Amino acid sequence: MSTQLPPPTPARRVMRLLWQTARRRAAGRELRQRELMGRRRKEGADSGLGGLMRFFMVLIVCFIHGILGWNMIQATRDAVTSSNPEAVGHIILSSEDQAVLNEAIARQTELNQRKQALAASTHTTMADRQEVIEAEKRRDYALSQLANRSQPPGKSNSKARQAHRAEVERRFRSEGSAAFVVVDRSLGNLFTQSSRQAAVPAAVLGLFLGWWLTMLVCQGEGLELDVQRRRHPMWEWLLSHPIRPVHAFYTELLAPCMANPIYFTAPIFFWSAFRLLPFNGPVWPAALLVGLPLAVATSAVGKSLETVALLRLGVRTRGAVLGLVSWFGYIAMILPFFLLQFDGFGRLLGGLLGSVSGWFPVWPVRALLFGWGDAPSLTQVTVSWWLFSSAMALGAIGLTQRATVHGLQAPTSGTGPASSRLLAVRSRFGKNPLQRKELLWLWRDKGAIVQVLLVPLTIAATQAFHFRNLYRLADNSWSLLSGVAIICGTYLLLVLGPRSLASEGGALWLSLTWPRGLEDLLKAKARLWSRIANWVVGCILAVSCLFFPADWWKIALVGAGWLIFSRTLALKAVALVSAPSSSGEAEPPNRARYWIALIGTLAFGTGVMLHAWHVAIMGIVFSSLVAVAMWQGLRARLPYLFDPWSEKSVPAPSLLHATVGIALMVEGVGIAVALASAFGNPATLWLVRSVVYGVVGSIACIVMLGFLKERNVDFGDIVRWPVDGVRFPMRRGLALAVMLGGATAVLAIVYMLGLRLIPTANEALDEAARFATQYAGQKFWFALLAVGMAPLTEEYFFRGLLYRSLDRELGDWRAMVLSAAFFAIFHPPLAWVPVAALGVVNAWLFKKTRHLLPCVICHATYNAVVIFLPG
Amino acid sequence: MFRLLMGILKADAGTMTIDGRDCFEDRVMAKRLVGFLPDEPVFYSYLSGREILELSAGMHDLDPLVAVGRLDSLILRLGMQEAMAQYADDYSRGMKKKLGLLLALLHQPPLLVLDEPTNGLDVESTRLFFDLMRELANAGTTIVFSTHLMDQVERLCSHAAILHQGRLLAAGTLTEIRAGRSLEDVFVELTSTR
């Protein structure tokens, strides 16, 4: 007789324990990250940047929900209007604007009467004529209101507005009120009328609701997920307890809800939509009561789908399915940004859905957005959504239960890889084993193909749509196609890199048994990825040559630039490598490093596209420098890849500090100048720009000083560069600085004179000279900035931080040349050569004198001579 | 300790050398001398066992067909001939260990470092591992392995070292360490007094 055993641990207890553990795990992980960071930096303070990022993430998802909700109603209204047969050939007004039309009619009538009275009068006075003028003004005002209210939706520039106003006036005068048709856009009445009339709006609303719900379901815990979703090693331990496995999976159903802010901000979608519908009273309570349960339900559905994939699909297929789901979640999330810029989207939808709307059931949409009574009711709407959410949640629970009923071992194929004629060679790993391995991964890991193809294409298409107005400037020339090629290649590398690194997973140990250093292996990976991207970009550039044969040499130059750029991108991507955690979890790439790798990646492609060659070159140089900086950090990190607690950061200031500091300074100046240009007076813009540059540059210096001070690097440590206690006499250093600054400036002037022999350069120089003296005092302020302010900030960043850290990394003339090139690209293109020369001179001077002051003097002397000597 | 030997970790103090080569500073060249089997080997989910062997052979700069061909008899002996064509990720724990051992022997290293090599193996496979280690040792290969099973040490080893909480408590030939007692008694005594 078998022993009587206690029943399995109750579901509530299991779920409560696991939720508590999940919270403790998340808190523990965050604490360990902070401790690890503090140990590396020898201080424990949290930078607070993580909190700031989370705040911005919450803002973004709030915006997405709000836009989708608003668009849903507006698009439906437009669809209703456009599908109304009475609207054809008329100017459309919504029912709320009937009073505006009546007012315009009344003012026109009044004007007509006054004119008639004036014409009929035999003795008119000034007052009579004035009354007619006033009546005409009142009529014109009413017409302008009518034009505003009847303005078609979507963005309109002033030209379109003027054209519409003229049309309204013309038709009002010739046809009167017959030119207008008043359409009920409130939607509420539609659902008490015939179902035929409600079909189109119901279909449009249903489409939007379905899209939004699918977006929520596909979000999961975040879009950068481990699509392999290897079972966490702790699962087997967990399920060795006397608990029903399905109860453990139930707790996972809420994981996305707790991790991803897009769920708890879901009420904003309903608030945004409900306030545009004809409800009485405040809508926010209903939005909360509807949105939060629905967020839980969609989280559960998404997680249940993931569980099904985990437990019922093989390893190589699972990734593809989950990759597709996350890709769709991304597409759905960026839709609002498209809708914002797509005029007439509602009309288009109404037209497309008109023919099929007859099959669309009206009652579900009616119940979910208006209620089932004769008048819209928030209470009924809330109850409808509760029922819907409950059904979704029950479905998720049922799906999860079915997935676990066959045990927890995902089906294995039981067979090996299918032999492929395409891939079969006699000695498959002979020549280039690493390349062979990566190609097999791309071929066999279906998730890889999904992510590597779909995601870059989607991002590139999104980018193309956002910047389509800029791309019009490319005028359909060869540069447009070439720029598209570069951007596609860029995104391909940015996705391929981290994905390929993730494919190593726990098998990274195998690489460490080979007689090739990990650094060497990572560089080999980078070479391979850039070759793959080169093929893709090369094909598109070849097509560009076919279309534009006369410009083949320009396309070839772009191709040469791409070869350098792609290598730097690949090196940056591979520098994101991380070892799996000791418990076997895949570690995502470090967030900060990933964002640093992204800085300036689009500059090259965009510059090519817009014929902005200095921007393109800036992109290449910037990417090269960031790659060197990231590799400096990687080399310091590699010995501690499996022992992060012993890791020591690169001593500050590192190359990465310098590069990011410069990038932030330049970005800060750019943003501040753009704001000043948008709101400032053109006559004082030159002054504002000068002041902004000075102020932002100073702030950047102060911030950098504080940042480095936290890492025990003082201002003096940057300014002085002692070597074995040897000191260069300061007086001699300053004298040398003045001499070199003057000489370099003279050479620069000679160079500029030589440039004047080129007509286009001569024109550009004349234009610059005219601009520099356009306003009184402009030269003075420019000189003050160039001689008094810029040398201090620029020498601090470019020599004190950048050159010094490059010298630590490269050690010879390469450090001088690269730092000088980086310095030059932030100046006007015509000045690149002399500015680069100044950069090399100052780098040499810094190394020679071991002090930054001579560099500042040299720079100031150069600027003073260049500004004042020619004129 | 094995991770330090393989150059995966960097020592805070002291040095480790293999044939006069520092384990960390010369770790790339040292890999030519060492074959390593970790405790829980993990493999690529998209490669078969044979492909992983061929990849590793290529990365050791060997002709994959020749190097893997040398292991054919061992593959047969380990009963892995059919499994070689299957995805390594689908292997059982024992089969992964066997594949790990094949990888460690692929480049015929003079030193084998095996971390708990028989952990998770069945009786037959464990015996096979013992036979293999004896054969390799007799052929001149130096084998360093970790275990918590004293009888394995007594059956296989000529020398032993007892490590406890990061400290070396005893090292030498088995005769020296035992000093007339069983190894288990010595181990328990040494580790319980710390």
# chains A, B, ... in the order shown; residues from 1 in each chain; ligands from 1

$ residues_around --residues "Met80 of chain B" --least-positions-apart "4" --cutoff "9 Å" --atoms "only C-alpha atoms" --output "PyMOL selection string"
chain B and resi 74-76+84+95+98-99

$ write_last_selection --atoms "N, CA, C and O atoms" --output "compact mmCIF listing (two decimals), in the first residue's frame"
# COMPACT_ATOMS: atom_id res chain seq x y z
N LEU B 74 37.99 6.19 -31.70
CA LEU B 74 37.54 6.60 -30.37
C LEU B 74 36.05 6.91 -30.36
O LEU B 74 35.32 6.59 -29.41
N ILE B 75 35.59 7.52 -31.48
CA ILE B 75 34.15 7.81 -31.60
C ILE B 75 33.35 6.52 -31.55
O ILE B 75 32.31 6.42 -30.88
N LEU B 76 33.89 5.52 -32.24
CA LEU B 76 33.23 4.21 -32.24
C LEU B 76 33.22 3.62 -30.85
O LEU B 76 32.21 3.08 -30.38
N MET B 84 27.05 11.70 -33.95
CA MET B 84 27.90 12.72 -34.58
C MET B 84 27.13 13.52 -35.62
O MET B 84 27.45 14.67 -35.88
N MET B 95 26.54 12.33 -23.36
CA MET B 95 27.03 12.47 -24.73
C MET B 95 27.77 13.79 -24.89
O MET B 95 28.77 13.87 -25.60
N LYS B 98 31.17 13.27 -23.61
CA LYS B 98 31.99 12.50 -24.54
C LYS B 98 32.46 13.38 -25.68
O LYS B 98 33.62 13.32 -26.10
N LEU B 99 31.56 14.22 -26.19
CA LEU B 99 31.95 15.13 -27.26
C LEU B 99 33.01 16.10 -26.74
O LEU B 99 33.98 16.41 -27.45

$ interface_residues --of "chain B" --to "chain A" --cutoff "8 Å" --atoms "only C-alpha atoms" --output "PyMOL selection string"
chain B and resi 6+8-10+27-32+35-36+41-48+54-56+58-60+62-65+85-87+90

$ write_last_selection --atoms "C-alpha atoms" --output "PDB file, in the first residue's frame"
ATOM      1  CA  MET B   6      43.117  27.955 -19.424  1.00  0.00           C
ATOM      2  CA  ILE B   8      39.997  32.359 -18.921  1.00  0.00           C
ATOM      3  CA  LEU B   9      40.595  34.157 -15.625  1.00  0.00           C
ATOM      4  CA  LYS B  10      43.439  36.451 -14.705  1.00  0.00           C
ATOM      5  CA  ARG B  27      47.463  31.833 -23.184  1.00  0.00           C
ATOM      6  CA  VAL B  28      47.140  31.713 -26.964  1.00  0.00           C
ATOM      7  CA  MET B  29      50.194  29.516 -27.455  1.00  0.00           C
ATOM      8  CA  ALA B  30      49.472  27.561 -24.314  1.00  0.00           C
ATOM      9  CA  LYS B  31      46.221  26.368 -25.915  1.00  0.00           C
ATOM     10  CA  ARG B  32      48.265  24.239 -28.301  1.00  0.00           C
ATOM     11  CA  GLY B  35      43.014  20.003 -24.058  1.00  0.00           C
ATOM     12  CA  PHE B  36      40.187  21.164 -21.782  1.00  0.00           C
ATOM     13  CA  PRO B  41      29.995  21.719 -21.748  1.00  0.00           C
ATOM     14  CA  VAL B  42      27.549  23.761 -23.812  1.00  0.00           C
ATOM     15  CA  PHE B  43      27.543  23.583 -27.593  1.00  0.00           C
ATOM     16  CA  TYR B  44      26.188  25.580 -30.511  1.00  0.00           C
ATOM     17  CA  SER B  45      22.555  24.823 -31.207  1.00  0.00           C
ATOM     18  CA  TYR B  46      23.039  24.918 -34.974  1.00  0.00           C
ATOM     19  CA  LEU B  47      25.993  22.549 -35.444  1.00  0.00           C
ATOM     20  CA  SER B  48      26.195  18.786 -35.295  1.00  0.00           C
ATOM     21  CA  GLU B  54      35.704  19.941 -37.647  1.00  0.00           C
ATOM     22  CA  LEU B  55      35.340  23.566 -36.558  1.00  0.00           C
ATOM     23  CA  SER B  56      37.629  23.041 -33.606  1.00  0.00           C
ATOM     24  CA  GLY B  58      40.123  24.149 -38.204  1.00  0.00           C
ATOM     25  CA  MET B  59      40.603  26.607 -35.373  1.00  0.00           C
ATOM     26  CA  HIS B  60      43.620  24.562 -34.237  1.00  0.00           C
ATOM     27  CA  LEU B  62      44.617  21.258 -38.506  1.00  0.00           C
ATOM     28  CA  ASP B  63      43.114  19.565 -41.516  1.00  0.00           C
ATOM     29  CA  PRO B  64      39.591  18.839 -40.223  1.00  0.00           C
ATOM     30  CA  LEU B  65      39.171  15.583 -42.112  1.00  0.00           C
ATOM     31  CA  ALA B  85      25.380  13.594 -37.287  1.00  0.00           C
ATOM     32  CA  GLN B  86      22.886  15.054 -34.803  1.00  0.00           C
ATOM     33  CA  TYR B  87      22.751  18.548 -33.360  1.00  0.00           C
ATOM     34  CA  ASP B  90      20.195  17.805 -28.390  1.00  0.00           C
TER      35      ASP B  90
END

$ closest_atom_pairs --of "segment 48-98 of chain B" --to "segment 117-124 of chain B" --cutoff "12 Å" --atoms "only C-alpha atoms" --output "CSV"
residue,atom,partner,partner_atom,distance
B:Arg77,CA,B:Glu124,CA,11.4
B:Leu78,CA,B:Glu124,CA,9.8
B:Gly79,CA,B:Glu124,CA,10.9
B:Ser92,CA,B:Gly120,CA,9.7
B:Arg93,CA,B:Gly120,CA,6.7
B:Gly94,CA,B:Leu121,CA,5.1
B:Met95,CA,B:Leu121,CA,8.6
B:Lys96,CA,B:Leu121,CA,10.0
B:Lys97,CA,B:Pro117,CA,7.1
B:Lys98,CA,B:Pro117,CA,9.0

$ write_last_selection --atoms "N, CA, C and O atoms" --output "PDB file, in the first residue's frame"
ATOM      1  N   ARG B  77      34.352   3.734 -30.207  1.00  0.00           N
ATOM      2  CA  ARG B  77      34.486   3.167 -28.863  1.00  0.00           C
ATOM      3  C   ARG B  77      33.533   3.820 -27.871  1.00  0.00           C
ATOM      4  O   ARG B  77      32.986   3.175 -26.970  1.00  0.00           O
ATOM      5  N   LEU B  78      33.346   5.161 -28.059  1.00  0.00           N
ATOM      6  CA  LEU B  78      32.450   5.893 -27.162  1.00  0.00           C
ATOM      7  C   LEU B  78      30.985   5.727 -27.542  1.00  0.00           C
ATOM      8  O   LEU B  78      30.092   6.232 -26.853  1.00  0.00           O
ATOM      9  N   GLY B  79      30.742   5.022 -28.657  1.00  0.00           N
ATOM     10  CA  GLY B  79      29.354   4.805 -29.089  1.00  0.00           C
ATOM     11  C   GLY B  79      28.696   6.067 -29.610  1.00  0.00           C
ATOM     12  O   GLY B  79      27.485   6.251 -29.486  1.00  0.00           O
ATOM     13  N   SER B  92      22.384  14.167 -24.769  1.00  0.00           N
ATOM     14  CA  SER B  92      22.231  14.004 -23.326  1.00  0.00           C
ATOM     15  C   SER B  92      23.506  14.513 -22.654  1.00  0.00           C
ATOM     16  O   SER B  92      24.509  14.796 -23.316  1.00  0.00           O
ATOM     17  N   ARG B  93      23.438  14.580 -21.337  1.00  0.00           N
ATOM     18  CA  ARG B  93      24.584  15.103 -20.591  1.00  0.00           C
ATOM     19  C   ARG B  93      25.840  14.251 -20.817  1.00  0.00           C
ATOM     20  O   ARG B  93      26.944  14.766 -21.017  1.00  0.00           O
ATOM     21  N   GLY B  94      25.653  12.934 -20.791  1.00  0.00           N
ATOM     22  CA  GLY B  94      26.788  12.035 -20.982  1.00  0.00           C
ATOM     23  C   GLY B  94      27.399  12.192 -22.367  1.00  0.00           C
ATOM     24  O   GLY B  94      28.620  12.189 -22.534  1.00  0.00           O
ATOM     25  N   MET B  95      26.536  12.329 -23.365  1.00  0.00           N
ATOM     26  CA  MET B  95      27.030  12.473 -24.732  1.00  0.00           C
ATOM     27  C   MET B  95      27.773  13.793 -24.890  1.00  0.00           C
ATOM     28  O   MET B  95      28.765  13.873 -25.605  1.00  0.00           O
ATOM     29  N   LYS B  96      27.305  14.821 -24.204  1.00  0.00           N
ATOM     30  CA  LYS B  96      28.014  16.112 -24.282  1.00  0.00           C
ATOM     31  C   LYS B  96      29.401  15.978 -23.677  1.00  0.00           C
ATOM     32  O   LYS B  96      30.382  16.534 -24.176  1.00  0.00           O
ATOM     33  N   LYS B  97      29.478  15.220 -22.579  1.00  0.00           N
ATOM     34  CA  LYS B  97      30.795  15.000 -21.948  1.00  0.00           C
ATOM     35  C   LYS B  97      31.714  14.275 -22.917  1.00  0.00           C
ATOM     36  O   LYS B  97      32.903  14.590 -23.042  1.00  0.00           O
ATOM     37  N   LYS B  98      31.175  13.271 -23.606  1.00  0.00           N
ATOM     38  CA  LYS B  98      31.991  12.501 -24.538  1.00  0.00           C
ATOM     39  C   LYS B  98      32.462  13.377 -25.679  1.00  0.00           C
ATOM     40  O   LYS B  98      33.623  13.322 -26.098  1.00  0.00           O
TER      41      LYS B  98
END

$ residues_around --residues "Val153 of chain B" --least-positions-apart "2" --cutoff "12 Å" --atoms "only C-alpha atoms" --output "MDAnalysis selection string"
chainID B and resid 116 130 133 143:151 155:162 173:175 177:178 182:184 187

$ atom_distance --atom1 "atom CA of Leu740 of chain A" --atom2 "atom CA of Phe846 of chain A"
12.4 Å
